[in-house]
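Trainee: Let me begin by handing over the structure; questions about it come next.
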Amino acid sequence: SQQGEEDPQALSIQEGENATMNCSYKTSINNLQWYRQNSGRGLVHLILIRSNEREKHSGRLRVTLDTSKKSSSLLITASRAADTASYFCATISSNTGKLIFGQGTTLQVKP
Amino acid sequence: DTEVTQTPKHLVMGMTNKKSLKCEQHMGHRAMYWYKQKAKKPPELMFVYSYEKLSINESVPSRFSPECPNSSLLNLHLHALQPEDSALYLCASSHNAAPSTDTQYFGPGTRLTVL
């Protein structure tokens, strides 16, 4: 079963604006990961944040993790049309190695 | 090289056909995975191989038969599929043997249509 919930389900912004996506999960985690998926294609790993980290940056990406609230957010700054994609958060079961995805946020960045 | 390759990119098959999906990685990863993704849904795990041995089968119907011939290759043999099996099939690999909390690297997927 999928344990992650993401909001919003869909987000439409203008190029240059920031995009924020939120993810909630239910169980204890070792880390939380964010993936991007362009339409009908494979997933690209964006960033991994460990359970003992609160914030992590990678280029225009900023991820936060609040383990007390079991939630994470992904911020994309200065968005570009090429950022148009679906974004998934995912947690891994430390018992099985099973990657469990949230429902995803579909981001559209208008030129 | 952080690439996972999958062939074919697209596959159309009838319900009586037998076909295979192929996945390959040359990163020396010890765990490989098959996921199924329906439209507008997140990927769902099907199988996990660790050191070429099946370690997880997520109660997948027997019409899907995985095979790991060697540490770089992962196949998914398909037989007597149903139209509802139409989906994007994704392969992934990770460095350490499962269970592992490593990053999983995904291939581009095979878009399967069952008529």
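FYI, nothing fancy with the structure tokens labels: chains A, B, ... in order, residues from 1 per chain, ligands from 1 as they appear.
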Among chain B, which residues carry a DSSP assignment of strand (DSSP E or B), reported as a tab-separated table (two decimals) with all heavy atoms, in the first residue's frame?

Mentor:
```tsv
chain	number	residue	atom	x	y	z
B	4	VAL	N	20.38	3.03	-16.28
B	4	VAL	CA	19.66	1.77	-16.37
B	4	VAL	C	18.92	1.80	-17.70
B	4	VAL	O	18.21	2.76	-17.99
B	4	VAL	CB	18.65	1.62	-15.21
B	4	VAL	CG1	17.83	0.35	-15.38
B	4	VAL	CG2	19.37	1.63	-13.87
B	5	THR	N	19.12	0.78	-18.50
B	5	THR	CA	18.47	0.75	-19.81
B	5	THR	C	17.37	-0.29	-19.83
B	5	THR	O	17.46	-1.33	-19.14
B	5	THR	CB	19.48	0.45	-20.93
B	5	THR	OG1	20.10	-0.82	-20.68
B	5	THR	CG2	20.56	1.53	-21.00
B	6	GLN	N	16.34	-0.03	-20.61
B	6	GLN	CA	15.23	-0.95	-20.74
B	6	GLN	C	14.83	-1.08	-22.20
B	6	GLN	O	14.81	-0.09	-22.94
B	6	GLN	CB	14.00	-0.45	-19.95
B	6	GLN	CG	14.15	-0.54	-18.45
B	6	GLN	CD	12.88	-0.19	-17.72
B	6	GLN	OE1	12.81	0.81	-17.00
B	6	GLN	NE2	11.85	-1.01	-17.90
B	7	THR	N	14.52	-2.30	-22.60
B	7	THR	CA	14.02	-2.54	-23.94
B	7	THR	C	12.85	-3.53	-23.88
B	7	THR	O	12.82	-4.40	-22.99
B	7	THR	CB	15.11	-3.14	-24.86
B	7	THR	OG1	15.63	-4.34	-24.25
B	7	THR	CG2	16.23	-2.16	-25.10
B	10	HIS	N	8.42	0.49	-26.24
B	10	HIS	CA	6.98	0.28	-26.37
B	10	HIS	C	6.75	-1.18	-26.76
B	10	HIS	O	7.54	-1.75	-27.51
B	10	HIS	CB	6.38	1.18	-27.45
B	10	HIS	CG	6.57	2.64	-27.20
B	10	HIS	ND1	5.72	3.38	-26.41
B	10	HIS	CD2	7.52	3.50	-27.63
B	10	HIS	CE1	6.15	4.62	-26.37
B	10	HIS	NE2	7.23	4.73	-27.09
B	11	LEU	N	5.66	-1.75	-26.28
B	11	LEU	CA	5.30	-3.12	-26.62
B	11	LEU	C	3.80	-3.24	-26.66
B	11	LEU	O	3.11	-2.84	-25.71
B	11	LEU	CB	5.89	-4.09	-25.60
B	11	LEU	CG	5.58	-5.58	-25.81
B	11	LEU	CD1	6.17	-6.06	-27.13
B	11	LEU	CD2	6.13	-6.41	-24.64
B	12	VAL	N	3.30	-3.78	-27.77
B	12	VAL	CA	1.88	-4.08	-27.89
B	12	VAL	C	1.76	-5.59	-28.06
B	12	VAL	O	2.44	-6.18	-28.90
B	12	VAL	CB	1.26	-3.36	-29.11
B	12	VAL	CG1	-0.23	-3.71	-29.21
B	12	VAL	CG2	1.43	-1.85	-28.97
B	13	MET	N	0.95	-6.20	-27.26
B	13	MET	CA	0.81	-7.65	-27.34
B	13	MET	C	-0.63	-8.09	-27.12
B	13	MET	O	-1.42	-7.39	-26.45
B	13	MET	CB	1.73	-8.35	-26.34
B	13	MET	CG	1.47	-8.01	-24.89
B	13	MET	SD	2.70	-8.72	-23.77
B	13	MET	CE	2.31	-10.47	-23.86
B	18	LYS	N	3.43	-14.34	-25.81
B	18	LYS	CA	4.50	-14.40	-24.80
B	18	LYS	C	5.56	-13.39	-25.22
B	18	LYS	O	6.05	-13.44	-26.35
B	18	LYS	CB	5.15	-15.78	-24.76
B	18	LYS	CG	4.34	-16.86	-24.10
B	18	LYS	CD	5.16	-18.14	-23.99
B	18	LYS	CE	4.37	-19.26	-23.35
B	18	LYS	NZ	5.18	-20.50	-23.26
B	19	LYS	N	5.91	-12.52	-24.32
B	19	LYS	CA	6.92	-11.52	-24.60
B	19	LYS	C	7.79	-11.33	-23.36
B	19	LYS	O	7.45	-11.79	-22.26
B	19	LYS	CB	6.28	-10.17	-24.95
B	19	LYS	CG	5.44	-10.18	-26.22
B	19	LYS	CD	6.32	-10.23	-27.45
B	19	LYS	CE	5.45	-10.15	-28.71
B	19	LYS	NZ	6.29	-10.26	-29.94
B	20	SER	N	8.91	-10.62	-23.56
B	20	SER	CA	9.79	-10.35	-22.42
B	20	SER	C	10.24	-8.90	-22.43
B	20	SER	O	10.49	-8.32	-23.50
B	20	SER	CB	11.03	-11.25	-22.49
B	20	SER	OG	10.69	-12.60	-22.36
B	21	LEU	N	10.34	-8.34	-21.23
B	21	LEU	CA	10.94	-7.02	-21.05
B	21	LEU	C	12.35	-7.23	-20.50
B	21	LEU	O	12.58	-8.14	-19.69
B	21	LEU	CB	10.12	-6.19	-20.05
B	21	LEU	CG	8.61	-6.10	-20.29
B	21	LEU	CD1	7.99	-5.15	-19.26
B	21	LEU	CD2	8.31	-5.66	-21.69
B	22	LYS	N	13.25	-6.35	-20.94
B	22	LYS	CA	14.65	-6.49	-20.52
B	22	LYS	C	15.12	-5.22	-19.84
B	22	LYS	O	14.74	-4.11	-20.21
B	22	LYS	CB	15.53	-6.81	-21.71
B	22	LYS	CG	15.21	-8.13	-22.37
B	22	LYS	CD	16.21	-8.48	-23.44
B	22	LYS	CE	15.80	-9.75	-24.18
B	22	LYS	NZ	15.69	-10.91	-23.29
B	23	CYS	N	15.99	-5.42	-18.87
B	23	CYS	CA	16.58	-4.32	-18.11
B	23	CYS	C	18.05	-4.63	-17.91
B	23	CYS	O	18.42	-5.77	-17.64
B	23	CYS	CB	15.87	-4.19	-16.77
B	23	CYS	SG	16.63	-3.01	-15.64
B	24	GLU	N	18.89	-3.60	-18.01
B	24	GLU	CA	20.32	-3.81	-17.87
B	24	GLU	C	20.96	-2.63	-17.13
B	24	GLU	O	20.59	-1.47	-17.35
B	24	GLU	CB	20.96	-3.95	-19.26
B	24	GLU	CG	22.38	-4.44	-19.27
B	24	GLU	CD	22.85	-4.90	-20.64
B	24	GLU	OE1	22.06	-4.80	-21.61
B	24	GLU	OE2	23.99	-5.35	-20.74
B	25	GLN	N	21.90	-2.95	-16.25
B	25	GLN	CA	22.69	-1.91	-15.58
B	25	GLN	C	24.12	-2.40	-15.45
B	25	GLN	O	24.35	-3.59	-15.23
B	25	GLN	CB	22.09	-1.57	-14.21
B	25	GLN	CG	21.95	-2.72	-13.23
B	25	GLN	CD	23.16	-2.98	-12.36
B	25	GLN	OE1	24.09	-2.17	-12.30
B	25	GLN	NE2	23.17	-4.12	-11.67
B	31	ALA	N	21.20	-4.94	-6.22
B	31	ALA	CA	19.75	-5.11	-6.12
B	31	ALA	C	19.09	-4.53	-7.37
B	31	ALA	O	19.48	-3.47	-7.87
B	31	ALA	CB	19.20	-4.41	-4.88
B	32	MET	N	18.09	-5.24	-7.87
B	32	MET	CA	17.34	-4.78	-9.03
B	32	MET	C	15.85	-4.98	-8.77
B	32	MET	O	15.46	-5.91	-8.05
B	32	MET	CB	17.79	-5.51	-10.30
B	32	MET	CG	19.24	-5.22	-10.66
B	32	MET	SD	19.77	-5.94	-12.23
B	32	MET	CE	19.00	-4.84	-13.41
B	33	TYR	N	15.05	-4.12	-9.37
B	33	TYR	CA	13.63	-4.03	-9.04
B	33	TYR	C	12.77	-3.91	-10.30
B	33	TYR	O	13.18	-3.30	-11.28
B	33	TYR	CB	13.36	-2.78	-8.19
B	33	TYR	CG	14.29	-2.57	-7.01
B	33	TYR	CD1	15.57	-2.05	-7.18
B	33	TYR	CD2	13.87	-2.87	-5.72
B	33	TYR	CE1	16.42	-1.85	-6.10
B	33	TYR	CE2	14.71	-2.67	-4.63
B	33	TYR	CZ	15.98	-2.16	-4.84
B	33	TYR	OH	16.81	-1.95	-3.75
B	34	TRP	N	11.57	-4.45	-10.22
B	34	TRP	CA	10.54	-4.18	-11.21
B	34	TRP	C	9.39	-3.45	-10.52
B	34	TRP	O	8.91	-3.89	-9.47
B	34	TRP	CB	9.99	-5.45	-11.85
B	34	TRP	CG	10.81	-6.05	-12.94
B	34	TRP	CD1	11.44	-7.26	-12.93
B	34	TRP	CD2	11.09	-5.48	-14.23
B	34	TRP	NE1	12.10	-7.46	-14.12
B	34	TRP	CE2	11.89	-6.40	-14.93
B	34	TRP	CE3	10.72	-4.28	-14.87
B	34	TRP	CZ2	12.36	-6.16	-16.23
B	34	TRP	CZ3	11.18	-4.05	-16.15
B	34	TRP	CH2	11.98	-4.98	-16.83
B	35	TYR	N	8.94	-2.35	-11.17
B	35	TYR	CA	7.78	-1.61	-10.73
B	35	TYR	C	6.77	-1.54	-11.88
B	35	TYR	O	7.13	-1.53	-13.05
B	35	TYR	CB	8.15	-0.16	-10.36
B	35	TYR	CG	8.95	0.00	-9.10
B	35	TYR	CD1	10.34	-0.15	-9.10
B	35	TYR	CD2	8.34	0.34	-7.90
B	35	TYR	CE1	11.08	0.01	-7.94
B	35	TYR	CE2	9.07	0.51	-6.73
B	35	TYR	CZ	10.44	0.34	-6.77
B	35	TYR	OH	11.17	0.52	-5.62
B	36	LYS	N	5.51	-1.41	-11.48
B	36	LYS	CA	4.43	-1.20	-12.44
B	36	LYS	C	3.79	0.14	-12.13
B	36	LYS	O	3.54	0.46	-10.96
B	36	LYS	CB	3.38	-2.32	-12.30
B	36	LYS	CG	2.14	-2.13	-13.16
B	36	LYS	CD	1.16	-3.27	-12.89
B	36	LYS	CE	-0.14	-3.09	-13.66
B	36	LYS	NZ	-1.08	-4.21	-13.40
B	37	GLN	N	3.51	0.93	-13.18
B	37	GLN	CA	2.92	2.24	-12.97
B	37	GLN	C	1.76	2.43	-13.93
B	37	GLN	O	1.93	2.47	-15.14
B	37	GLN	CB	3.95	3.36	-13.15
B	37	GLN	CG	3.41	4.73	-12.82
B	37	GLN	CD	4.43	5.84	-12.98
B	37	GLN	OE1	5.38	5.72	-13.73
B	37	GLN	NE2	4.23	6.94	-12.26
B	44	GLU	N	4.34	1.09	-8.37
B	44	GLU	CA	4.12	0.09	-7.32
B	44	GLU	C	5.12	-1.05	-7.53
B	44	GLU	O	5.28	-1.56	-8.64
B	44	GLU	CB	2.69	-0.46	-7.38
B	44	GLU	CG	1.64	0.58	-7.05
B	44	GLU	CD	0.24	-0.02	-6.98
B	44	GLU	OE1	0.08	-1.18	-7.39
B	44	GLU	OE2	-0.67	0.67	-6.52
B	45	LEU	N	5.75	-1.46	-6.44
B	45	LEU	CA	6.75	-2.50	-6.51
B	45	LEU	C	6.14	-3.84	-6.89
B	45	LEU	O	5.06	-4.21	-6.40
B	45	LEU	CB	7.45	-2.64	-5.15
B	45	LEU	CG	8.59	-3.64	-5.07
B	45	LEU	CD1	9.78	-3.19	-5.91
B	45	LEU	CD2	9.00	-3.85	-3.62
B	46	MET	N	6.86	-4.56	-7.78
B	46	MET	CA	6.43	-5.91	-8.15
B	46	MET	C	7.41	-6.95	-7.57
B	46	MET	O	7.01	-7.87	-6.88
B	46	MET	CB	6.38	-6.07	-9.66
B	46	MET	CG	5.44	-5.14	-10.37
B	46	MET	SD	5.57	-5.29	-12.16
B	46	MET	CE	4.81	-6.89	-12.45
B	47	PHE	N	8.69	-6.80	-7.91
B	47	PHE	CA	9.70	-7.78	-7.53
B	47	PHE	C	11.00	-7.07	-7.13
B	47	PHE	O	11.31	-6.01	-7.63
B	47	PHE	CB	10.05	-8.72	-8.70
B	47	PHE	CG	8.90	-9.47	-9.28
B	47	PHE	CD1	8.33	-9.08	-10.48
B	47	PHE	CD2	8.39	-10.59	-8.63
B	47	PHE	CE1	7.27	-9.78	-11.03
B	47	PHE	CE2	7.34	-11.30	-9.16
B	47	PHE	CZ	6.77	-10.90	-10.37
B	48	VAL	N	11.74	-7.74	-6.23
B	48	VAL	CA	13.08	-7.30	-5.87
B	48	VAL	C	14.03	-8.48	-6.02
B	48	VAL	O	13.73	-9.59	-5.52
B	48	VAL	CB	13.16	-6.78	-4.43
B	48	VAL	CG1	14.59	-6.33	-4.11
B	48	VAL	CG2	12.20	-5.63	-4.21
B	49	TYR	N	15.16	-8.26	-6.68
B	49	TYR	CA	16.23	-9.25	-6.76
B	49	TYR	C	17.44	-8.71	-6.01
B	49	TYR	O	17.80	-7.55	-6.15
B	49	TYR	CB	16.62	-9.54	-8.21
B	49	TYR	CG	15.82	-10.64	-8.83
B	49	TYR	CD1	14.55	-10.38	-9.35
B	49	TYR	CD2	16.31	-11.93	-8.89
B	49	TYR	CE1	13.80	-11.40	-9.90
B	49	TYR	CE2	15.57	-12.96	-9.46
B	49	TYR	CZ	14.31	-12.68	-9.96
B	49	TYR	OH	13.57	-13.70	-10.51
B	50	SER	N	18.04	-9.59	-5.22
B	50	SER	CA	19.23	-9.22	-4.48
B	50	SER	C	20.26	-10.30	-4.72
B	50	SER	O	19.98	-11.48	-4.46
B	50	SER	CB	18.89	-9.09	-2.99
B	50	SER	OG	19.99	-8.63	-2.26
B	53	LYS	N	19.08	-13.21	-6.73
B	53	LYS	CA	18.04	-14.09	-6.16
B	53	LYS	C	16.80	-13.26	-5.85
B	53	LYS	O	16.89	-12.13	-5.33
B	53	LYS	CB	18.55	-14.78	-4.90
B	53	LYS	CG	19.56	-15.87	-5.15
B	53	LYS	CD	19.94	-16.58	-3.87
B	53	LYS	CE	20.73	-17.85	-4.09
B	53	LYS	NZ	21.75	-17.78	-5.13
B	54	LEU	N	15.65	-13.84	-6.11
B	54	LEU	CA	14.40	-13.16	-5.83
B	54	LEU	C	14.23	-13.03	-4.33
B	54	LEU	O	14.22	-14.03	-3.60
B	54	LEU	CB	13.23	-13.95	-6.44
B	54	LEU	CG	11.84	-13.32	-6.28
B	54	LEU	CD1	11.74	-12.01	-7.05
B	54	LEU	CD2	10.76	-14.29	-6.75
B	55	SER	N	14.10	-11.78	-3.86
B	55	SER	CA	13.94	-11.59	-2.42
B	55	SER	C	12.55	-11.09	-2.06
B	55	SER	O	12.09	-11.30	-0.93
B	55	SER	CB	15.00	-10.61	-1.89
B	55	SER	OG	14.85	-9.33	-2.47
B	56	ILE	N	11.87	-10.42	-2.95
B	56	ILE	CA	10.51	-9.96	-2.69
B	56	ILE	C	9.64	-10.17	-3.93
B	56	ILE	O	10.04	-9.82	-5.03
B	56	ILE	CB	10.48	-8.47	-2.29
B	56	ILE	CG1	11.20	-8.24	-0.96
B	56	ILE	CG2	9.03	-7.97	-2.20
B	56	ILE	CD1	11.26	-6.78	-0.54
B	57	ASN	N	8.49	-10.76	-3.72
B	57	ASN	CA	7.44	-10.87	-4.74
B	57	ASN	C	6.20	-10.28	-4.09
B	57	ASN	O	5.67	-10.84	-3.13
B	57	ASN	CB	7.22	-12.32	-5.14
B	57	ASN	CG	6.08	-12.49	-6.13
B	57	ASN	OD1	5.22	-11.63	-6.28
B	57	ASN	ND2	6.07	-13.62	-6.81
B	64	PHE	N	3.20	-12.93	-14.74
B	64	PHE	CA	4.45	-12.16	-14.75
B	64	PHE	C	5.54	-13.03	-14.12
B	64	PHE	O	5.41	-13.45	-12.96
B	64	PHE	CB	4.33	-10.88	-13.93
B	64	PHE	CG	3.35	-9.89	-14.49
B	64	PHE	CD1	2.02	-9.92	-14.08
B	64	PHE	CD2	3.75	-8.94	-15.42
B	64	PHE	CE1	1.11	-9.01	-14.60
B	64	PHE	CE2	2.85	-8.02	-15.93
B	64	PHE	CZ	1.53	-8.05	-15.51
B	65	SER	N	6.61	-13.28	-14.86
B	65	SER	CA	7.66	-14.17	-14.37
B	65	SER	C	9.02	-13.47	-14.48
B	65	SER	O	9.54	-13.28	-15.58
B	65	SER	CB	7.66	-15.47	-15.18
B	65	SER	OG	8.74	-16.28	-14.79
B	66	PRO	N	9.61	-13.08	-13.35
B	66	PRO	CA	10.90	-12.40	-13.42
B	66	PRO	C	12.04	-13.40	-13.53
B	66	PRO	O	11.92	-14.57	-13.15
B	66	PRO	CB	10.95	-11.66	-12.09
B	66	PRO	CG	10.20	-12.54	-11.16
B	66	PRO	CD	9.12	-13.20	-11.98
B	67	GLU	N	13.15	-12.89	-14.05
B	67	GLU	CA	14.35	-13.73	-14.19
B	67	GLU	C	15.56	-12.82	-14.10
B	67	GLU	O	15.58	-11.74	-14.69
B	67	GLU	CB	14.34	-14.45	-15.54
B	67	GLU	CG	15.58	-15.31	-15.78
B	67	GLU	CD	15.78	-15.66	-17.25
B	67	GLU	OE1	15.19	-14.98	-18.11
B	67	GLU	OE2	16.55	-16.58	-17.52
B	68	CYS	N	16.59	-13.27	-13.39
B	68	CYS	CA	17.82	-12.50	-13.28
B	68	CYS	C	18.97	-13.39	-13.75
B	68	CYS	O	19.57	-14.10	-12.94
B	68	CYS	CB	18.02	-12.04	-11.84
B	68	CYS	SG	19.33	-10.80	-11.64
B	69	PRO	N	19.31	-13.37	-15.04
B	69	PRO	CA	20.32	-14.28	-15.59
B	69	PRO	C	21.73	-14.01	-15.04
B	69	PRO	O	22.52	-14.94	-14.90
B	69	PRO	CB	20.28	-14.00	-17.09
B	69	PRO	CG	19.04	-13.25	-17.34
B	69	PRO	CD	18.70	-12.54	-16.08
B	70	ASN	N	22.02	-12.73	-14.76
B	70	ASN	CA	23.31	-12.39	-14.15
B	70	ASN	C	23.17	-11.06	-13.42
B	70	ASN	O	22.09	-10.46	-13.41
B	70	ASN	CB	24.43	-12.35	-15.21
B	70	ASN	CG	24.17	-11.33	-16.30
B	70	ASN	OD1	23.95	-10.15	-16.01
B	70	ASN	ND2	24.18	-11.78	-17.54
B	73	LEU	N	21.64	-8.08	-15.57
B	73	LEU	CA	20.42	-8.21	-16.37
B	73	LEU	C	19.23	-8.62	-15.52
B	73	LEU	O	19.36	-9.44	-14.60
B	73	LEU	CB	20.63	-9.26	-17.46
B	73	LEU	CG	21.61	-8.92	-18.58
B	73	LEU	CD1	21.81	-10.13	-19.48
B	73	LEU	CD2	21.12	-7.74	-19.38
B	74	LEU	N	18.09	-8.09	-15.89
B	74	LEU	CA	16.83	-8.46	-15.24
B	74	LEU	C	15.78	-8.52	-16.33
B	74	LEU	O	15.63	-7.60	-17.11
B	74	LEU	CB	16.44	-7.43	-14.18
B	74	LEU	CG	15.22	-7.75	-13.34
B	74	LEU	CD1	15.46	-8.97	-12.46
B	74	LEU	CD2	14.85	-6.55	-12.46
B	75	ASN	N	15.09	-9.66	-16.40
B	75	ASN	CA	14.03	-9.83	-17.38
B	75	ASN	C	12.68	-9.94	-16.69
B	75	ASN	O	12.59	-10.35	-15.53
B	75	ASN	CB	14.27	-11.11	-18.21
B	75	ASN	CG	15.55	-11.05	-19.01
B	75	ASN	OD1	15.93	-10.01	-19.53
B	75	ASN	ND2	16.24	-12.20	-19.10
B	76	LEU	N	11.65	-9.62	-17.44
B	76	LEU	CA	10.28	-9.86	-16.97
B	76	LEU	C	9.54	-10.54	-18.11
B	76	LEU	O	9.30	-9.95	-19.15
B	76	LEU	CB	9.60	-8.54	-16.58
B	76	LEU	CG	8.21	-8.69	-15.95
B	76	LEU	CD1	8.31	-9.46	-14.62
B	76	LEU	CD2	7.58	-7.32	-15.69
B	77	HIS	N	9.24	-11.83	-17.91
B	77	HIS	CA	8.57	-12.61	-18.93
B	77	HIS	C	7.06	-12.48	-18.74
B	77	HIS	O	6.55	-12.58	-17.61
B	77	HIS	CB	9.00	-14.08	-18.84
B	77	HIS	CG	10.47	-14.27	-19.00
B	77	HIS	ND1	11.15	-13.91	-20.14
B	77	HIS	CD2	11.41	-14.75	-18.13
B	77	HIS	CE1	12.44	-14.17	-20.00
B	77	HIS	NE2	12.62	-14.68	-18.79
B	78	LEU	N	6.38	-12.26	-19.85
B	78	LEU	CA	4.95	-11.97	-19.83
B	78	LEU	C	4.20	-13.05	-20.62
B	78	LEU	O	4.62	-13.38	-21.74
B	78	LEU	CB	4.69	-10.60	-20.48
B	78	LEU	CG	5.60	-9.45	-20.04
B	78	LEU	CD1	5.33	-8.23	-20.89
B	78	LEU	CD2	5.40	-9.16	-18.57
B	79	HIS	N	3.14	-13.56	-20.04
B	79	HIS	CA	2.37	-14.60	-20.72
B	79	HIS	C	0.91	-14.52	-20.29
B	79	HIS	O	0.61	-14.46	-19.10
B	79	HIS	CB	2.94	-15.98	-20.39
B	79	HIS	CG	2.13	-17.10	-20.95
B	79	HIS	ND1	1.80	-17.19	-22.29
B	79	HIS	CD2	1.56	-18.17	-20.34
B	79	HIS	CE1	1.08	-18.27	-22.47
B	79	HIS	NE2	0.92	-18.90	-21.33
B	87	ALA	N	0.38	-0.87	-18.82
B	87	ALA	CA	0.98	0.08	-17.88
B	87	ALA	C	2.40	0.40	-18.34
B	87	ALA	O	2.90	-0.14	-19.32
B	87	ALA	CB	1.03	-0.53	-16.47
B	88	LEU	N	3.05	1.26	-17.58
B	88	LEU	CA	4.48	1.53	-17.75
B	88	LEU	C	5.23	0.63	-16.77
B	88	LEU	O	4.94	0.66	-15.57
B	88	LEU	CB	4.78	3.00	-17.48
B	88	LEU	CG	6.23	3.46	-17.63
B	88	LEU	CD1	6.67	3.40	-19.09
B	88	LEU	CD2	6.42	4.88	-17.08
B	89	TYR	N	6.15	-0.16	-17.28
B	89	TYR	CA	6.93	-1.05	-16.42
B	89	TYR	C	8.33	-0.49	-16.28
B	89	TYR	O	9.04	-0.28	-17.26
B	89	TYR	CB	6.94	-2.48	-17.00
B	89	TYR	CG	5.59	-3.12	-16.83
B	89	TYR	CD1	4.57	-2.90	-17.76
B	89	TYR	CD2	5.31	-3.91	-15.71
B	89	TYR	CE1	3.31	-3.45	-17.58
B	89	TYR	CE2	4.06	-4.46	-15.52
B	89	TYR	CZ	3.05	-4.22	-16.46
B	89	TYR	OH	1.81	-4.75	-16.27
B	90	LEU	N	8.68	-0.24	-15.03
B	90	LEU	CA	9.94	0.42	-14.71
B	90	LEU	C	10.88	-0.54	-14.02
B	90	LEU	O	10.48	-1.29	-13.12
B	90	LEU	CB	9.69	1.62	-13.79
B	90	LEU	CG	8.88	2.77	-14.39
B	90	LEU	CD1	8.32	3.66	-13.29
B	90	LEU	CD2	9.74	3.58	-15.34
B	91	CYS	N	12.12	-0.48	-14.42
B	91	CYS	CA	13.18	-1.24	-13.77
B	91	CYS	C	14.05	-0.26	-12.99
B	91	CYS	O	14.22	0.91	-13.40
B	91	CYS	CB	14.01	-1.95	-14.83
B	91	CYS	SG	15.47	-2.81	-14.22
B	92	ALA	N	14.58	-0.70	-11.88
B	92	ALA	CA	15.47	0.14	-11.09
B	92	ALA	C	16.57	-0.72	-10.49
B	92	ALA	O	16.45	-1.96	-10.43
B	92	ALA	CB	14.70	0.85	-9.98
B	93	SER	N	17.65	-0.08	-10.07
B	93	SER	CA	18.71	-0.79	-9.38
B	93	SER	C	19.26	0.08	-8.26
B	93	SER	O	19.11	1.31	-8.28
B	93	SER	CB	19.84	-1.18	-10.34
B	93	SER	OG	20.54	-0.03	-10.80
B	94	SER	N	19.85	-0.57	-7.27
B	94	SER	CA	20.50	0.16	-6.18
B	94	SER	C	21.78	-0.56	-5.80
B	94	SER	O	21.91	-1.77	-6.02
B	94	SER	CB	19.58	0.33	-4.98
B	94	SER	OG	19.22	-0.91	-4.43
B	105	TYR	N	17.98	3.82	-8.88
B	105	TYR	CA	18.12	4.47	-10.18
B	105	TYR	C	17.20	3.76	-11.16
B	105	TYR	O	17.26	2.54	-11.30
B	105	TYR	CB	19.57	4.40	-10.65
B	105	TYR	CG	20.51	5.19	-9.77
B	105	TYR	CD1	21.13	4.60	-8.68
B	105	TYR	CD2	20.75	6.53	-10.02
B	105	TYR	CE1	21.98	5.32	-7.85
B	105	TYR	CE2	21.60	7.27	-9.20
B	105	TYR	CZ	22.20	6.65	-8.11
B	105	TYR	OH	23.04	7.38	-7.30
B	106	PHE	N	16.38	4.55	-11.82
B	106	PHE	CA	15.35	3.99	-12.68
B	106	PHE	C	15.72	4.07	-14.15
B	106	PHE	O	16.39	5.00	-14.60
B	106	PHE	CB	14.03	4.76	-12.48
B	106	PHE	CG	13.32	4.38	-11.22
B	106	PHE	CD1	13.71	4.91	-10.01
B	106	PHE	CD2	12.26	3.48	-11.25
B	106	PHE	CE1	13.07	4.56	-8.83
B	106	PHE	CE2	11.60	3.12	-10.08
B	106	PHE	CZ	12.01	3.66	-8.87
B	110	THR	N	9.21	0.62	-20.01
B	110	THR	CA	8.58	0.02	-21.20
B	110	THR	C	7.09	0.28	-21.11
B	110	THR	O	6.45	-0.10	-20.12
B	110	THR	CB	8.84	-1.50	-21.28
B	110	THR	OG1	10.23	-1.74	-21.51
B	110	THR	CG2	8.02	-2.10	-22.42
B	111	ARG	N	6.56	0.92	-22.12
B	111	ARG	CA	5.11	1.18	-22.18
B	111	ARG	C	4.45	-0.04	-22.79
B	111	ARG	O	4.64	-0.32	-23.98
B	111	ARG	CB	4.83	2.42	-23.02
B	111	ARG	CG	3.35	2.70	-23.27
B	111	ARG	CD	2.65	3.18	-22.05
B	111	ARG	NE	3.19	4.44	-21.53
B	111	ARG	CZ	2.84	4.96	-20.37
B	111	ARG	NH1	1.97	4.34	-19.59
B	111	ARG	NH2	3.37	6.10	-19.96
B	112	LEU	N	3.69	-0.78	-22.01
B	112	LEU	CA	3.06	-2.02	-22.46
B	112	LEU	C	1.57	-1.81	-22.68
B	112	LEU	O	0.88	-1.27	-21.81
B	112	LEU	CB	3.25	-3.12	-21.41
B	112	LEU	CG	2.53	-4.43	-21.68
B	112	LEU	CD1	3.11	-5.13	-22.90
B	112	LEU	CD2	2.61	-5.35	-20.46
B	113	THR	N	1.11	-2.26	-23.83
B	113	THR	CA	-0.32	-2.24	-24.14
B	113	THR	C	-0.75	-3.67	-24.45
B	113	THR	O	-0.15	-4.32	-25.32
B	113	THR	CB	-0.62	-1.34	-25.35
B	113	THR	OG1	-0.16	-0.02	-25.07
B	113	THR	CG2	-2.12	-1.29	-25.62
B	114	VAL	N	-1.75	-4.15	-23.74
B	114	VAL	CA	-2.28	-5.49	-23.95
B	114	VAL	C	-3.65	-5.37	-24.61
B	114	VAL	O	-4.56	-4.72	-24.06
B	114	VAL	CB	-2.40	-6.26	-22.62
B	114	VAL	CG1	-2.91	-7.68	-22.88
B	114	VAL	CG2	-1.06	-6.30	-21.90
```

Trainee: Quick one: which residues from chain A are at most 10 Å off chain B, using only C-alpha atoms, as a VMD selection string?

Mentor: chain A and resid 1 to 2 29 to 33 35 37 to 48 86 to 106

Trainee: Contacts of segment 5-16 of chain A at 7 Å or less, counting only C-alpha atoms, minus same-chain residues fewer than 3 places along, as a list in words?

Mentor: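 Listed by chain and then number, they are Met21, Asn22, Cys23, Ser24, Tyr25, Ala78, Ser79, Arg80, Ala81, Gly102, Gln103, Gly104, Thr105, Thr106, Leu107, Gln108, Val109, Lys110 and Pro111 of chain A.
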
Trainee: Quick one: pull the distance between atom CA of Leu75 of chain A and atom CA of Glu3 of chain B, Å, one decimal.

Mentor: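 Atom-to-atom, atom CA of Leu75 of chain A and atom CA of Glu3 of chain B are spaced 26.2 Å apart.
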